[in-house]
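Here the structure is laid out as structure tokens; the discussion comes afterwards.
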Amino acid sequence: MIRFAGKTVFILALAGVLVCQPARAGRRTHTVYFEGQENELHVYRISGSRPGKTLLIIGGIQGDEPSGFLAADSYVDFSLEKGNLIVVPRANFPSILKRERQINQDMNRKFSDDHVVNYETRVVHVLKKLISESDCFLNLHEGSGVYSPVWESKLKNPERYGQSIIADNNLLDPSKNGTPVDLAAMADAVIKKINRNIDDPFYHFHFNNHRTGQTDTRHREQRRSATFYAAEICRIPAFGIESAKSLPLEQKLRQMIDAINGFMAVLDIVPETPGIDLEKPLMQYMIISVNDAIPVVVGKMQRLKIQKGDTVQVVDVVANYERGLSVNILGVGSDFNDMNKKISIHASTRIEAKKDFYTCGSVFLDIDAPGTAVTDQLAVTDSAETKKEIQYKLLVNGKQQVVDNYSRITLDYGDILVIEDLLHTPKDPAGYVVNFKGFVGNKSFNSGEDRGYPIDTGGDGVLMPRYSRDKKGRHYHVLTTLEDREVGKLYIDIRF
């Protein structure tokens, strides 16, 4: 499917790949690949009123680097005076939702000599095609530490990636056009522009030549990366933009935008520069269909009453952002995105909306009690203020149980525990942090939130005894906080 200048146009699909003609001057097209699948891929093409070079911008190829996909997203909704852009804000949406570097494989290591077939393979096939259509390619990343051509400290040295523009060589010879391109000179021109807006010289950008194709390179793994494919196979200038992971998000985002604007200037692409919007994501309502009936509107924190076994489909989410939205039907949905999927519901649960990996609102599905008369009218009600104490909805070896706040449960060594959700919270359960002390659910980004992760109490290295209450791995606790204030605990005893 292609969305063209605000309209939707259906086109011919060959061998699973959507085919379209280049956008006319001064227009934008939106192409959706793998629509309805976990790895749904959105590609935006913006063409200027006057012809010029084409710059490809890819963000989110590794999901734990938010400044990349947020910066790329800023270049979707504006017009160009000259030249063209191809923008892929979220190349790896499943990994963004999990805030992890990869799901099956590192997508940025699948551009050559890879024969494993998974969703990453299918996305990379599309990205290769986009690279071949372009004159220059930017891959937006965040790197550890700060790069320096000389050793300054453990966090700032030639082994680090942050605050650098990376190329696989100093010179591209020959290029796609048959003439040499000085990659170092291109990068240096952009770096001068970025550094003008960085007050602290410690965080100034530098050019980082990985010398990827050389026999003595320390970066052999980059031979399977997108930039190396672009330079070596498609013969176009290709750069990795690396902001330091440790910097505040807004600062990283501004550096990314300065870098993109700098390369546009080098390529003589004339844009309308986008602004930065870091407004907190807030869901307004979901549009939900039950048993394929006419959808109903369910507002944030409202409750939809259904019958056991009903099929629920979230048709849309309306929030203060349009892109990067997903939903998760807790306990019964997929690991990634349940938007537009028909899912049978057999127990009361919650639907959580996200903007990328930021939770932005919830609605509740309530199963009618047995014996309740069935009606054709769907009931949507507000969440009444609860008088009950918070409870924990758990799975122990696949069996569900509900336990009270500040209670104690005993598990046998090797039991699998999943903290599914909180019940009876006075505020949106998504706003709480439920942290099993001594366990890390997301090793790429440890936010302290451990709901939904299987905790194997007998797994090697899963639990860290030094964080147990007895320091021997027998007694742990789960801490629940709201706005950094303790609101609950659950005590876990493991029986050996």
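Going by the structure tokens order, chains are called A, B, ..., each with residues numbered from 1, while ligands are numbered from 1 in the order shown.
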
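Near range 347-362 of chain A, within a cut-off of 7 Å and counting only C-alpha atoms, sit the residues Ile96, Leu97, Lys98, Arg99, Pro281, Leu282, Met283, Lys300, Met301, Lys308, Gly324, Leu325, Ser326, Val327, Asn328, Ile329, Leu330, Ile367, Asp428 and Ala430 of chain A, with same-chain residues fewer than 5 positions away left out.
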
(Q) So that I can check the surroundings of Gly299 in chain A, please list as a ChimeraX atom specification every protein, DNA and RNA residue that reaches within 10 Å of it, counting only C-alpha atoms and ignoring chain neighbours fewer than 2 positions away. (A) /A:283-287,296-297,301-304,317-318,361-364,380-382

Could the residues in this selection be written to a file with C-alpha atoms, as a JSON list (two decimals), in the first residue's frame?
```
[["chain", "number", "residue", "atom", "x", "y", "z"],
["A", 283, "MET", "CA", -3.09, 8.49, 24.47],
["A", 284, "GLN", "CA", -6.57, 9.97, 24.14],
["A", 285, "TYR", "CA", -8.62, 6.91, 23.21],
["A", 286, "MET", "CA", -8.62, 3.55, 21.44],
["A", 287, "ILE", "CA", -11.09, 2.44, 18.77],
["A", 296, "VAL", "CA", -16.55, 1.72, 19.85],
["A", 297, "VAL", "CA", -14.43, 4.50, 21.31],
["A", 301, "MET", "CA", -8.49, 4.52, 31.76],
["A", 302, "GLN", "CA", -12.03, 3.58, 30.69],
["A", 303, "ARG", "CA", -13.38, 0.02, 30.88],
["A", 304, "LEU", "CA", -15.03, -2.06, 28.14],
["A", 317, "VAL", "CA", -5.10, 4.53, 18.73],
["A", 318, "VAL", "CA", -5.52, 8.29, 18.88],
["A", 361, "GLY", "CA", -2.16, 5.04, 28.23],
["A", 362, "SER", "CA", -4.34, 2.06, 29.10],
["A", 363, "VAL", "CA", -7.90, 0.78, 28.73],
["A", 364, "PHE", "CA", -9.39, -2.23, 30.53],
["A", 380, "VAL", "CA", -17.99, 1.54, 28.23],
["A", 381, "THR", "CA", -17.57, 2.92, 31.75],
["A", 382, "ASP", "CA", -15.10, 5.09, 33.60]]
```

Q: Please return as number ranges by chain: the residues of range 54-295 of chain A that backbone DSSP assigns to alpha helix (DSSP H).
A: A: 66-73, 93-98, 119-132, 183-195, 226-232, 249-266

Q | Selected residue of minimal separation from Gln105 in chain A among A:Gln62, A:Asn320, A:Asn446, A:Asn340, counting only C-alpha atoms | A | A:Gln62

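Shell of Gln251 in chain A at 10 Å, with only C-alpha atoms counted and residues fewer than 5 places along the chain excluded, is Ser67, Ile198, Ser243, Ala244 and Met256 of chain A.
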
**Q.** Top pick for closest residue to Lys53 in chain A, considering A:Asp412, A:Glu152, A:Asp268, A:Asp456 and counting only C-alpha atoms
**A.**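 Between A:Asp412, A:Glu152, A:Asp268, A:Asp456, the residue approaching Lys53 in chain A most closely is A:Asp268.
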
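Our summary of the geometry notes that CA of Asp292 in chain A is positioned 13.0 Å from CA of Ile306 in chain A.
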
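Closest to Ile276 in chain A among A:Leu41, A:Gly63, A:Ala71, A:Ile103 is A:Ala71, based on only C-alpha atoms.
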
Q.
Need the shell around Ala184 in chain A: protein/DNA/RNA residues with any atom at most 7 Å away, counting only C-alpha atoms. Skip same-chain ones fewer than 4 positions apart. Format as a ChimeraX atom specification?
A. /A:170,188,207

Just the strand (DSSP E) stuff from range 272-493 of chain A, please, per backbone DSSP, written as a JSON list (two decimals) with N, CA and C atoms, in the first residue's frame.
```json
[["chain", "number", "residue", "atom", "x", "y", "z"],
["A", 283, "MET", "N", -1.97, 9.05, 25.22],
["A", 283, "MET", "CA", -3.09, 8.49, 24.47],
["A", 283, "MET", "C", -4.39, 9.19, 24.86],
["A", 284, "GLN", "N", -5.25, 9.41, 23.87],
["A", 284, "GLN", "CA", -6.57, 9.97, 24.14],
["A", 284, "GLN", "C", -7.63, 8.88, 24.20],
["A", 285, "TYR", "N", -7.65, 8.02, 23.19],
["A", 285, "TYR", "CA", -8.62, 6.91, 23.21],
["A", 285, "TYR", "C", -8.20, 5.83, 22.22],
["A", 286, "MET", "N", -8.76, 4.65, 22.39],
["A", 286, "MET", "CA", -8.62, 3.55, 21.44],
["A", 286, "MET", "C", -9.96, 3.33, 20.74],
["A", 287, "ILE", "N", -9.90, 2.85, 19.52],
["A", 287, "ILE", "CA", -11.09, 2.44, 18.77],
["A", 287, "ILE", "C", -11.05, 0.92, 18.68],
["A", 288, "ILE", "N", -12.05, 0.26, 19.29],
["A", 288, "ILE", "CA", -12.02, -1.19, 19.49],
["A", 288, "ILE", "C", -13.27, -1.82, 18.90],
["A", 289, "SER", "N", -13.06, -2.90, 18.14],
["A", 289, "SER", "CA", -14.17, -3.70, 17.62],
["A", 289, "SER", "C", -14.23, -5.01, 18.38],
["A", 290, "VAL", "N", -15.46, -5.44, 18.74],
["A", 290, "VAL", "CA", -15.67, -6.71, 19.43],
["A", 290, "VAL", "C", -16.52, -7.61, 18.53],
["A", 296, "VAL", "N", -16.16, 0.75, 18.84],
["A", 296, "VAL", "CA", -16.55, 1.72, 19.85],
["A", 296, "VAL", "C", -15.30, 2.48, 20.30],
["A", 297, "VAL", "N", -15.52, 3.67, 20.81],
["A", 297, "VAL", "CA", -14.43, 4.50, 21.31],
["A", 297, "VAL", "C", -14.30, 4.27, 22.82],
["A", 298, "VAL", "N", -13.09, 3.93, 23.26],
["A", 298, "VAL", "CA", -12.82, 3.70, 24.68],
["A", 298, "VAL", "C", -11.69, 4.63, 25.09],
["A", 299, "GLY", "N", -12.00, 5.56, 25.98],
["A", 299, "GLY", "CA", -11.03, 6.56, 26.39],
["A", 299, "GLY", "C", -9.99, 6.01, 27.36],
["A", 302, "GLN", "N", -10.65, 4.06, 30.67],
["A", 302, "GLN", "CA", -12.03, 3.58, 30.69],
["A", 302, "GLN", "C", -12.04, 2.05, 30.59],
["A", 303, "ARG", "N", -13.24, 1.47, 30.83],
["A", 303, "ARG", "CA", -13.38, 0.02, 30.88],
["A", 303, "ARG", "C", -14.43, -0.42, 29.86],
["A", 304, "LEU", "N", -14.11, -1.50, 29.12],
["A", 304, "LEU", "CA", -15.03, -2.06, 28.14],
["A", 304, "LEU", "C", -15.46, -3.44, 28.63],
["A", 305, "LYS", "N", -16.78, -3.62, 28.81],
["A", 305, "LYS", "CA", -17.30, -4.89, 29.32],
["A", 305, "LYS", "C", -17.60, -5.81, 28.16],
["A", 306, "ILE", "N", -17.04, -7.04, 28.19],
["A", 306, "ILE", "CA", -17.23, -8.01, 27.14],
["A", 306, "ILE", "C", -17.58, -9.37, 27.74],
["A", 311, "THR", "N", -13.96, -11.87, 20.66],
["A", 311, "THR", "CA", -12.78, -11.50, 19.88],
["A", 311, "THR", "C", -12.67, -9.97, 19.84],
["A", 312, "VAL", "N", -11.51, -9.48, 20.26],
["A", 312, "VAL", "CA", -11.29, -8.04, 20.35],
["A", 312, "VAL", "C", -10.23, -7.63, 19.33],
["A", 313, "GLN", "N", -10.50, -6.50, 18.66],
["A", 313, "GLN", "CA", -9.55, -5.96, 17.70],
["A", 313, "GLN", "C", -9.39, -4.45, 17.93],
["A", 314, "VAL", "N", -8.16, -4.02, 18.27],
["A", 314, "VAL", "CA", -7.89, -2.58, 18.41],
["A", 314, "VAL", "C", -7.65, -2.03, 17.00],
["A", 315, "VAL", "N", -8.58, -1.26, 16.51],
["A", 315, "VAL", "CA", -8.55, -0.75, 15.14],
["A", 315, "VAL", "C", -7.59, 0.44, 15.02],
["A", 316, "ASP", "N", -7.55, 1.28, 16.06],
["A", 316, "ASP", "CA", -6.71, 2.47, 15.98],
["A", 316, "ASP", "C", -6.46, 3.01, 17.38],
["A", 317, "VAL", "N", -5.40, 3.80, 17.50],
["A", 317, "VAL", "CA", -5.10, 4.53, 18.73],
["A", 317, "VAL", "C", -4.95, 5.99, 18.37],
["A", 318, "VAL", "N", -5.62, 6.85, 19.09],
["A", 318, "VAL", "CA", -5.52, 8.29, 18.88],
["A", 318, "VAL", "C", -4.74, 8.89, 20.05],
["A", 319, "ALA", "N", -3.63, 9.55, 19.70],
["A", 319, "ALA", "CA", -2.75, 10.14, 20.72],
["A", 319, "ALA", "C", -2.20, 11.45, 20.17],
["A", 325, "LEU", "N", 3.05, 4.16, 17.01],
["A", 325, "LEU", "CA", 2.08, 3.71, 18.01],
["A", 325, "LEU", "C", 1.88, 2.20, 17.93],
["A", 326, "SER", "N", 1.71, 1.57, 19.06],
["A", 326, "SER", "CA", 1.43, 0.14, 19.14],
["A", 326, "SER", "C", 0.57, -0.13, 20.36],
["A", 327, "VAL", "N", 0.01, -1.34, 20.43],
["A", 327, "VAL", "CA", -0.75, -1.74, 21.62],
["A", 327, "VAL", "C", -0.33, -3.15, 22.02],
["A", 328, "ASN", "N", -0.49, -3.44, 23.31],
["A", 328, "ASN", "CA", -0.18, -4.76, 23.86],
["A", 328, "ASN", "C", -1.35, -5.19, 24.73],
["A", 329, "ILE", "N", -2.02, -6.27, 24.32],
["A", 329, "ILE", "CA", -3.09, -6.84, 25.14],
["A", 329, "ILE", "C", -2.43, -7.80, 26.11],
["A", 343, "ILE", "N", -8.08, -10.98, 18.63],
["A", 343, "ILE", "CA", -7.58, -11.81, 19.73],
["A", 343, "ILE", "C", -8.74, -12.18, 20.65],
["A", 344, "SER", "N", -8.86, -13.47, 20.93],
["A", 344, "SER", "CA", -9.92, -13.97, 21.80],
["A", 344, "SER", "C", -9.54, -13.73, 23.26],
["A", 349, "THR", "N", -8.46, -8.18, 31.44],
["A", 349, "THR", "CA", -7.08, -7.79, 31.21],
["A", 349, "THR", "C", -7.02, -6.30, 30.88],
["A", 350, "ARG", "N", -5.85, -5.85, 30.49],
["A", 350, "ARG", "CA", -5.61, -4.44, 30.18],
["A", 350, "ARG", "C", -4.95, -4.34, 28.82],
["A", 351, "ILE", "N", -5.29, -3.29, 28.08],
["A", 351, "ILE", "CA", -4.63, -3.00, 26.81],
["A", 351, "ILE", "C", -3.77, -1.76, 27.02],
["A", 352, "GLU", "N", -2.48, -1.93, 26.78],
["A", 352, "GLU", "CA", -1.52, -0.85, 27.01],
["A", 352, "GLU", "C", -1.10, -0.26, 25.67],
["A", 353, "ALA", "N", -1.18, 1.06, 25.55],
["A", 353, "ALA", "CA", -0.75, 1.74, 24.33],
["A", 353, "ALA", "C", 0.66, 2.29, 24.53],
["A", 354, "LYS", "N", 1.46, 2.22, 23.45],
["A", 354, "LYS", "CA", 2.82, 2.76, 23.49],
["A", 354, "LYS", "C", 3.06, 3.65, 22.29],
["A", 355, "LYS", "N", 3.92, 4.65, 22.51],
["A", 355, "LYS", "CA", 4.50, 5.42, 21.42],
["A", 355, "LYS", "C", 5.98, 5.04, 21.43],
["A", 358, "TYR", "N", 7.61, 4.18, 24.80],
["A", 358, "TYR", "CA", 7.05, 4.98, 25.88],
["A", 358, "TYR", "C", 5.58, 4.60, 26.08],
["A", 359, "THR", "N", 5.21, 4.13, 27.26],
["A", 359, "THR", "CA", 3.81, 3.83, 27.54],
["A", 359, "THR", "C", 3.02, 5.13, 27.64],
["A", 360, "CYS", "N", 1.87, 5.19, 26.96],
["A", 360, "CYS", "CA", 1.13, 6.46, 26.93],
["A", 360, "CYS", "C", -0.33, 6.32, 27.34],
["A", 361, "GLY", "N", -0.78, 5.14, 27.76],
["A", 361, "GLY", "CA", -2.16, 5.04, 28.23],
["A", 361, "GLY", "C", -2.66, 3.61, 28.24],
["A", 362, "SER", "N", -3.76, 3.39, 28.98],
["A", 362, "SER", "CA", -4.34, 2.06, 29.10],
["A", 362, "SER", "C", -5.87, 2.13, 29.03],
["A", 363, "VAL", "N", -6.47, 1.03, 28.54],
["A", 363, "VAL", "CA", -7.90, 0.78, 28.73],
["A", 363, "VAL", "C", -8.04, -0.64, 29.27],
["A", 364, "PHE", "N", -9.19, -0.94, 29.86],
["A", 364, "PHE", "CA", -9.39, -2.23, 30.53],
["A", 364, "PHE", "C", -10.49, -3.02, 29.84],
["A", 365, "LEU", "N", -10.29, -4.33, 29.75],
["A", 365, "LEU", "CA", -11.32, -5.25, 29.27],
["A", 365, "LEU", "C", -11.82, -6.05, 30.46],
["A", 366, "ASP", "N", -13.10, -5.92, 30.76],
["A", 366, "ASP", "CA", -13.70, -6.61, 31.91],
["A", 366, "ASP", "C", -14.63, -7.71, 31.40],
["A", 367, "ILE", "N", -14.38, -8.95, 31.85],
["A", 367, "ILE", "CA", -15.24, -10.08, 31.51],
["A", 367, "ILE", "C", -16.45, -10.08, 32.43],
["A", 379, "ALA", "N", -20.80, -1.97, 26.78],
["A", 379, "ALA", "CA", -20.81, -0.98, 27.85],
["A", 379, "ALA", "C", -19.41, -0.45, 28.08],
["A", 380, "VAL", "N", -19.26, 0.88, 27.94],
["A", 380, "VAL", "CA", -17.99, 1.54, 28.23],
["A", 380, "VAL", "C", -18.21, 2.41, 29.46],
["A", 381, "THR", "N", -17.40, 2.18, 30.50],
["A", 381, "THR", "CA", -17.57, 2.92, 31.75],
["A", 381, "THR", "C", -16.23, 3.50, 32.18],
["A", 382, "ASP", "N", -16.31, 4.53, 33.02],
["A", 382, "ASP", "CA", -15.10, 5.09, 33.60],
["A", 382, "ASP", "C", -14.60, 4.18, 34.72],
["A", 391, "GLN", "N", -3.04, -5.30, 44.07],
["A", 391, "GLN", "CA", -2.74, -6.72, 44.03],
["A", 391, "GLN", "C", -1.82, -7.01, 42.83],
["A", 392, "TYR", "N", -1.18, -8.18, 42.87],
["A", 392, "TYR", "CA", -0.27, -8.59, 41.81],
["A", 392, "TYR", "C", -0.87, -9.77, 41.07],
["A", 393, "LYS", "N", -0.93, -9.66, 39.74],
["A", 393, "LYS", "CA", -1.40, -10.75, 38.89],
["A", 393, "LYS", "C", -0.17, -11.50, 38.39],
["A", 394, "LEU", "N", -0.03, -12.77, 38.81],
["A", 394, "LEU", "CA", 1.17, -13.55, 38.54],
["A", 394, "LEU", "C", 0.85, -14.79, 37.72],
["A", 395, "LEU", "N", 1.87, -15.29, 37.04],
["A", 395, "LEU", "CA", 1.85, -16.62, 36.45],
["A", 395, "LEU", "C", 2.99, -17.41, 37.09],
["A", 396, "VAL", "N", 2.68, -18.55, 37.67],
["A", 396, "VAL", "CA", 3.71, -19.43, 38.22],
["A", 396, "VAL", "C", 3.60, -20.76, 37.48],
["A", 399, "LYS", "N", 0.40, -21.09, 35.55],
["A", 399, "LYS", "CA", -0.88, -21.01, 36.26],
["A", 399, "LYS", "C", -1.03, -19.64, 36.90],
["A", 400, "GLN", "N", -2.19, -19.04, 36.68],
["A", 400, "GLN", "CA", -2.41, -17.67, 37.14],
["A", 400, "GLN", "C", -2.83, -17.64, 38.61],
["A", 401, "GLN", "N", -2.31, -16.65, 39.32],
["A", 401, "GLN", "CA", -2.76, -16.40, 40.69],
["A", 401, "GLN", "C", -2.68, -14.91, 40.98],
["A", 402, "VAL", "N", -3.50, -14.48, 41.91],
["A", 402, "VAL", "CA", -3.53, -13.08, 42.33],
["A", 402, "VAL", "C", -3.17, -13.02, 43.81],
["A", 403, "VAL", "N", -2.19, -12.17, 44.14],
["A", 403, "VAL", "CA", -1.74, -12.08, 45.53],
["A", 403, "VAL", "C", -1.81, -10.63, 46.00],
["A", 404, "ASP", "N", -1.97, -10.46, 47.30],
["A", 404, "ASP", "CA", -2.12, -9.13, 47.89],
["A", 404, "ASP", "C", -0.79, -8.41, 47.99],
["A", 408, "ARG", "N", 3.62, -12.63, 50.91],
["A", 408, "ARG", "CA", 4.80, -13.46, 50.70],
["A", 408, "ARG", "C", 4.37, -14.69, 49.92],
["A", 409, "ILE", "N", 5.16, -15.06, 48.88],
["A", 409, "ILE", "CA", 4.89, -16.29, 48.15],
["A", 409, "ILE", "C", 6.16, -17.15, 48.16],
["A", 410, "THR", "N", 5.96, -18.46, 48.13],
["A", 410, "THR", "CA", 7.08, -19.39, 48.13],
["A", 410, "THR", "C", 7.12, -20.11, 46.80],
["A", 411, "LEU", "N", 8.29, -20.11, 46.16],
["A", 411, "LEU", "CA", 8.50, -20.80, 44.90],
["A", 411, "LEU", "C", 9.53, -21.90, 45.10],
["A", 412, "ASP", "N", 9.37, -22.99, 44.35],
["A", 412, "ASP", "CA", 10.41, -24.02, 44.33],
["A", 412, "ASP", "C", 11.49, -23.61, 43.35],
["A", 416, "ILE", "N", 9.04, -21.04, 37.17],
["A", 416, "ILE", "CA", 9.04, -19.90, 36.25],
["A", 416, "ILE", "C", 7.97, -18.91, 36.71],
["A", 417, "LEU", "N", 8.41, -17.72, 37.06],
["A", 417, "LEU", "CA", 7.50, -16.67, 37.53],
["A", 417, "LEU", "C", 7.39, -15.56, 36.49],
["A", 418, "VAL", "N", 6.16, -15.15, 36.22],
["A", 418, "VAL", "CA", 5.93, -13.96, 35.39],
["A", 418, "VAL", "C", 5.04, -13.02, 36.18],
["A", 419, "ILE", "N", 5.51, -11.80, 36.40],
["A", 419, "ILE", "CA", 4.66, -10.76, 37.01],
["A", 419, "ILE", "C", 3.87, -10.14, 35.86],
["A", 420, "GLU", "N", 2.61, -10.51, 35.75],
["A", 420, "GLU", "CA", 1.83, -10.07, 34.58],
["A", 420, "GLU", "C", 1.42, -8.61, 34.68],
["A", 421, "ASP", "N", 0.85, -8.22, 35.82],
["A", 421, "ASP", "CA", 0.35, -6.84, 35.93],
["A", 421, "ASP", "C", -0.03, -6.54, 37.37],
["A", 422, "LEU", "N", -0.42, -5.27, 37.57],
["A", 422, "LEU", "CA", -0.97, -4.82, 38.84],
["A", 422, "LEU", "C", -2.48, -4.68, 38.71],
["A", 423, "LEU", "N", -3.19, -4.98, 39.77],
["A", 423, "LEU", "CA", -4.64, -4.82, 39.81],
["A", 423, "LEU", "C", -5.03, -3.80, 40.87],
["A", 432, "TYR", "N", 3.30, 2.74, 36.86],
["A", 432, "TYR", "CA", 4.05, 2.17, 37.98],
["A", 432, "TYR", "C", 5.29, 1.45, 37.47],
["A", 433, "VAL", "N", 6.27, 1.29, 38.34],
["A", 433, "VAL", "CA", 7.45, 0.48, 38.03],
["A", 433, "VAL", "C", 7.44, -0.70, 38.99],
["A", 434, "VAL", "N", 7.44, -1.91, 38.44],
["A", 434, "VAL", "CA", 7.43, -3.13, 39.23],
["A", 434, "VAL", "C", 8.78, -3.82, 39.03],
["A", 435, "ASN", "N", 9.61, -3.78, 40.05],
["A", 435, "ASN", "CA", 11.02, -4.17, 39.93],
["A", 435, "ASN", "C", 11.33, -5.37, 40.83],
["A", 436, "PHE", "N", 11.65, -6.51, 40.21],
["A", 436, "PHE", "CA", 12.13, -7.67, 40.96],
["A", 436, "PHE", "C", 13.60, -7.43, 41.25],
["A", 455, "ILE", "N", 10.79, -15.25, 34.66],
["A", 455, "ILE", "CA", 11.89, -15.28, 35.61],
["A", 455, "ILE", "C", 12.12, -16.73, 36.01],
["A", 456, "ASP", "N", 13.17, -17.32, 35.46],
["A", 456, "ASP", "CA", 13.50, -18.72, 35.74],
["A", 456, "ASP", "C", 14.33, -18.77, 37.03],
["A", 475, "HIS", "N", 15.89, -15.40, 49.42],
["A", 475, "HIS", "CA", 14.80, -14.48, 49.76],
["A", 475, "HIS", "C", 14.97, -13.17, 48.97],
["A", 476, "TYR", "N", 14.03, -12.93, 48.05],
["A", 476, "TYR", "CA", 14.04, -11.73, 47.22],
["A", 476, "TYR", "C", 12.79, -10.90, 47.51],
["A", 477, "HIS", "N", 12.73, -9.72, 46.90],
["A", 477, "HIS", "CA", 11.49, -8.95, 46.99],
["A", 477, "HIS", "C", 11.26, -8.17, 45.71],
["A", 478, "VAL", "N", 10.00, -7.88, 45.45],
["A", 478, "VAL", "CA", 9.58, -7.07, 44.31],
["A", 478, "VAL", "C", 9.15, -5.71, 44.87],
["A", 479, "LEU", "N", 9.75, -4.65, 44.36],
["A", 479, "LEU", "CA", 9.43, -3.30, 44.82],
["A", 479, "LEU", "C", 8.59, -2.60, 43.77],
["A", 480, "THR", "N", 7.47, -2.03, 44.18],
["A", 480, "THR", "CA", 6.59, -1.29, 43.28],
["A", 480, "THR", "C", 6.61, 0.18, 43.65],
["A", 481, "THR", "N", 6.89, 1.03, 42.67],
["A", 481, "THR", "CA", 6.97, 2.47, 42.91],
["A", 481, "THR", "C", 6.07, 3.22, 41.93],
["A", 482, "LEU", "N", 5.65, 4.38, 42.34],
["A", 482, "LEU", "CA", 4.92, 5.32, 41.51],
["A", 482, "LEU", "C", 5.56, 6.69, 41.71],
["A", 485, "ARG", "N", 8.14, 6.77, 44.38],
["A", 485, "ARG", "CA", 7.68, 6.58, 45.76],
["A", 485, "ARG", "C", 7.18, 5.15, 45.93],
["A", 486, "GLU", "N", 7.64, 4.47, 46.99],
["A", 486, "GLU", "CA", 7.20, 3.10, 47.22],
["A", 486, "GLU", "C", 5.70, 3.04, 47.49],
["A", 487, "VAL", "N", 5.02, 2.13, 46.76],
["A", 487, "VAL", "CA", 3.59, 1.92, 47.00],
["A", 487, "VAL", "C", 3.29, 0.45, 47.25],
["A", 488, "GLY", "N", 4.32, -0.40, 47.16],
["A", 488, "GLY", "CA", 4.04, -1.81, 47.42],
["A", 488, "GLY", "C", 5.28, -2.68, 47.37],
["A", 489, "LYS", "N", 5.12, -3.89, 47.94],
["A", 489, "LYS", "CA", 6.18, -4.89, 47.90],
["A", 489, "LYS", "C", 5.55, -6.28, 47.83],
["A", 490, "LEU", "N", 6.32, -7.19, 47.30],
["A", 490, "LEU", "CA", 5.95, -8.60, 47.27],
["A", 490, "LEU", "C", 7.21, -9.39, 47.64],
["A", 491, "TYR", "N", 7.09, -10.26, 48.63],
["A", 491, "TYR", "CA", 8.25, -11.01, 49.12],
["A", 491, "TYR", "C", 8.27, -12.40, 48.46],
["A", 492, "ILE", "N", 9.43, -12.77, 47.91],
["A", 492, "ILE", "CA", 9.59, -14.02, 47.18],
["A", 492, "ILE", "C", 10.60, -14.90, 47.93],
["A", 493, "ASP", "N", 10.14, -16.06, 48.39],
["A", 493, "ASP", "CA", 11.02, -17.04, 49.02],
["A", 493, "ASP", "C", 11.22, -18.21, 48.05]]
```

Q.
Residues near Ile390 in chain A, anyone? I mean within 6 Å using only C-alpha atoms, not counting same-chain ones fewer than 2 positions away, as a VMD selection string.
A. chain A and resid 405 423 to 425
